[in-house]
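Asker: The structure under discussion is supplied below as structure tokens; questions concerning it will follow.
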Amino acid sequence: MKKNERKKSTLLSTALVAVIASAAAFGAQAADKGFYAGAGVGQSYVDEGAYDDEDTAYSVFGGYQFNRWFGLEGGYADFGKLEPRGTGTPLEASSVYLTAVGTVPVTDRFSIYGKAGFQRWDLDRAIPSIVGNTDDNGTDPTYGLGVQYRFTDNVALRGEYSRFEAEDTDLDLAQIQLRYDF
């Protein structure tokens with residue numbers, strides 16, 4: 001990804017969190033309904049073609065919970081630097097995404113969720129052997145599963161496994177996330 005594009009992605013993710021956080025002042029206060037934001041850290045994985053590696057990854061996200069069972073979430077994920085098996089160019093990827101989130105409450109504090117939507121991915125440079133073309137960005141599906149434990153009405157811990165498709169390449173992301181409801 002070019003330096004200017006990386007700045008745009010960072011600016012876009014920061015703006016997304018700022019808009020959600022500022023709008024939360026006018027949102028509902030209950031944990032079952034309202035705005036939320038959070039951040040996560042974990043591992044990214046790729047096992048495609050000449051690449052089989054993992055690296056530390058992070059994400060920021062925000063969304064709106066319409067009720068206990070449904071919400072919309074947007075965010076930014078940075079997959080870190082994934083090295084090739086032999087010689088080659090390291091893969092640095094990031095994504096800006098929007099997903100629908102379906103939640104199944106198991107208890108008052110514990111729930112499971114699934115999410116699916118679309119994402120705009122960016123690579124630091126085109127790697128034709130992985131993505132099958134010369135573009136270094138694109139739009140593809142993303143989806144994942146997670147569990148959430150709510151410590152209070154406002155604070156929850158999530159464990160999430162997501163897949164971000166980039167043309168014919170699958171970038172996987174396993175994370176621990178902290179969510180704050182406004």
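Labels for the structure tokens follow display order: chains A, B, ..., residues from 1 in each chain, ligands from 1.
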Sort by chain and increasing residue number a table of all residues of segment 154-177 of chain A within 10 Å of segment 103-110 of chain A, each with its closest pair of atoms and their distance in Å to one decimal, counting only C-alpha atoms, and write it as a Markdown table.

Answerer:
| residue | atom | partner | partner_atom | distance |
| --- | --- | --- | --- | --- |
| A:Ala156 | CA | A:Arg109 | CA | 8.7 |
| A:Leu157 | CA | A:Phe110 | CA | 9.8 |
| A:Arg158 | CA | A:Phe110 | CA | 9.8 |

Asker: Using DSSP secondary structure from the backbone, list all helix (DSSP H, G or I) positions within segment 36-177 of chain A, as an mmCIF file with all heavy atoms, in the first residue's frame.

Answerer:
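As written to disk, out_4.cif reads:
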data_model
loop_
_atom_site.group_PDB
_atom_site.id
_atom_site.type_symbol
_atom_site.label_atom_id
_atom_site.label_comp_id
_atom_site.auth_asym_id
_atom_site.auth_seq_id
_atom_site.Cartn_x
_atom_site.Cartn_y
_atom_site.Cartn_z
ATOM 1 N N PRO A 128 0.795 -10.483 -7.953
ATOM 2 C CA PRO A 128 -0.026 -11.261 -8.866
ATOM 3 C C PRO A 128 -0.085 -12.752 -8.522
ATOM 4 O O PRO A 128 -1.092 -13.391 -8.761
ATOM 5 C CB PRO A 128 0.633 -11.045 -10.232
ATOM 6 C CG PRO A 128 1.381 -9.771 -10.085
ATOM 7 C CD PRO A 128 1.815 -9.712 -8.644
ATOM 8 N N SER A 129 0.963 -13.333 -7.952
ATOM 9 C CA SER A 129 0.943 -14.764 -7.644
ATOM 10 C C SER A 129 -0.083 -15.101 -6.572
ATOM 11 O O SER A 129 -0.497 -16.245 -6.447
ATOM 12 C CB SER A 129 2.334 -15.223 -7.188
ATOM 13 O OG SER A 129 2.680 -14.590 -5.972
ATOM 14 N N ILE A 130 -0.519 -14.118 -5.786
ATOM 15 C CA ILE A 130 -1.513 -14.389 -4.751
ATOM 16 C C ILE A 130 -2.901 -13.995 -5.211
ATOM 17 O O ILE A 130 -3.829 -14.779 -5.154
ATOM 18 C CB ILE A 130 -1.188 -13.639 -3.453
ATOM 19 C CG1 ILE A 130 -0.001 -14.287 -2.797
ATOM 20 C CG2 ILE A 130 -2.362 -13.668 -2.504
ATOM 21 C CD1 ILE A 130 0.312 -13.737 -1.457
ATOM 22 N N VAL A 131 -3.097 -12.801 -5.645
ATOM 23 C CA VAL A 131 -4.444 -12.320 -5.908
ATOM 24 C C VAL A 131 -4.884 -12.504 -7.356
ATOM 25 O O VAL A 131 -6.022 -12.227 -7.670
ATOM 26 C CB VAL A 131 -4.624 -10.844 -5.474
ATOM 27 C CG1 VAL A 131 -4.476 -10.722 -3.987
ATOM 28 C CG2 VAL A 131 -3.681 -9.940 -6.193
#

Asker: Write out as a ChimeraX atom specification the residues lying within 7 Å of Gly40 of chain A, counting only C-alpha atoms and excluding same-chain residues fewer than 6 positions away.

Answerer: /A:58-60,175-178

Asker: Could those selected residues go to a file with N, CA and C atoms, as a PDB file, in the first residue's frame?

Answerer:
ATOM      1  N   TYR A  58      -4.240  -6.043  14.461  1.00  0.00           N
ATOM      2  CA  TYR A  58      -5.105  -5.264  15.341  1.00  0.00           C
ATOM      3  C   TYR A  58      -6.296  -4.740  14.563  1.00  0.00           C
ATOM      4  N   SER A  59      -7.322  -4.331  15.298  1.00  0.00           N
ATOM      5  CA  SER A  59      -8.510  -3.772  14.658  1.00  0.00           C
ATOM      6  C   SER A  59      -9.156  -2.737  15.570  1.00  0.00           C
ATOM      7  N   VAL A  60      -9.913  -1.860  14.973  1.00  0.00           N
ATOM      8  CA  VAL A  60     -10.807  -0.940  15.682  1.00  0.00           C
ATOM      9  C   VAL A  60     -12.161  -1.080  15.006  1.00  0.00           C
ATOM     10  N   GLN A 175      -8.881 -12.910  17.120  1.00  0.00           N
ATOM     11  CA  GLN A 175      -8.624 -11.780  18.008  1.00  0.00           C
ATOM     12  C   GLN A 175      -9.366 -11.871  19.332  1.00  0.00           C
ATOM     13  N   ILE A 176      -8.814 -11.177  20.308  1.00  0.00           N
ATOM     14  CA  ILE A 176      -9.491 -10.829  21.551  1.00  0.00           C
ATOM     15  C   ILE A 176      -9.828  -9.353  21.415  1.00  0.00           C
ATOM     16  N   GLN A 177     -11.086  -8.988  21.682  1.00  0.00           N
ATOM     17  CA  GLN A 177     -11.523  -7.608  21.497  1.00  0.00           C
ATOM     18  C   GLN A 177     -12.217  -7.098  22.759  1.00  0.00           C
ATOM     19  N   LEU A 178     -12.059  -5.816  23.007  1.00  0.00           N
ATOM     20  CA  LEU A 178     -12.759  -5.144  24.096  1.00  0.00           C
ATOM     21  C   LEU A 178     -13.789  -4.221  23.466  1.00  0.00           C
TER      22      LEU A 178
END

Asker: Excluding same-chain residues fewer than 5 positions from Ala116 of chain A, what lies within 7 Å of it counting only C-alpha atoms, as number ranges by chain?

Answerer: A: 99-101, 142-144

Asker: Based on DSSP run over this structure's backbone, return all residues of segment 38-162 of chain A in strand (DSSP E or B), as a ChimeraX atom specification.

Answerer: /A:38-48,51-65,70-82,84,91-105,110-123,137-150,155-162

Asker: Mind checking which residues fall within 8 Å of Leu173 of chain A, counting only C-alpha atoms, ignoring those fewer than 6 positions away in the same chain, and posting them as a ChimeraX atom specification?

Answerer: /A:42-45,57,79,160-164

Asker: Tell me which of A:Ala166, A:Ala77, A:Leu82, A:Ile112 sits closest to Tyr97 of chain A, counting only C-alpha atoms.

Answerer: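 The closest residue to Tyr97 of chain A is A:Ala77.
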
Asker: Restricting the calculation to only C-alpha atoms, which member of A:Gly159, A:Asn154, A:Glu92, A:Asp170 is positioned closest to Ser111 of chain A?

Answerer: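 Among A:Gly159, A:Asn154, A:Glu92, A:Asp170, it is A:Gly159 that comes nearest to Ser111 of chain A.
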
Asker: May I ask which of the residues A:Phe151, A:Trp121, A:Phe66, A:Tyr51 is the closest one to Tyr36 of chain A, counting only C-alpha atoms?

Answerer: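 Checking each candidate against Tyr36 of chain A, we get A:Phe66 as the closest.
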
Asker: May I ask for the distance between atom CA of Gly138 of chain A and atom CA of Asp124 of chain A, given in Å to one decimal place?

Answerer: 12.5 Å

Asker: In terms of the shortest atom-to-atom distance over only C-alpha atoms, which of A:Leu91, A:Val155, A:Ala37, A:Ala50 is closest to Leu171 of chain A?

Answerer: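 The shortest atom-to-atom distance to Leu171 of chain A comes from A:Leu91.
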
Asker: Figure out the distance between atom CA of Tyr76 of chain A and atom CA of Asp55 of chain A, please, to one decimal in Å.

Answerer: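 Spanning atom CA of Asp55 of chain A to atom CA of Tyr76 of chain A is a straight-line distance of 16.4 Å.
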
Asker: Would you compute the distance between atom CA of Phe35 of chain A and atom CA of Phe182 of chain A? Give it in Å to one decimal.

Answerer: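 Separation between atom CA of Phe35 of chain A and atom CA of Phe182 of chain A: 5.6 Å.
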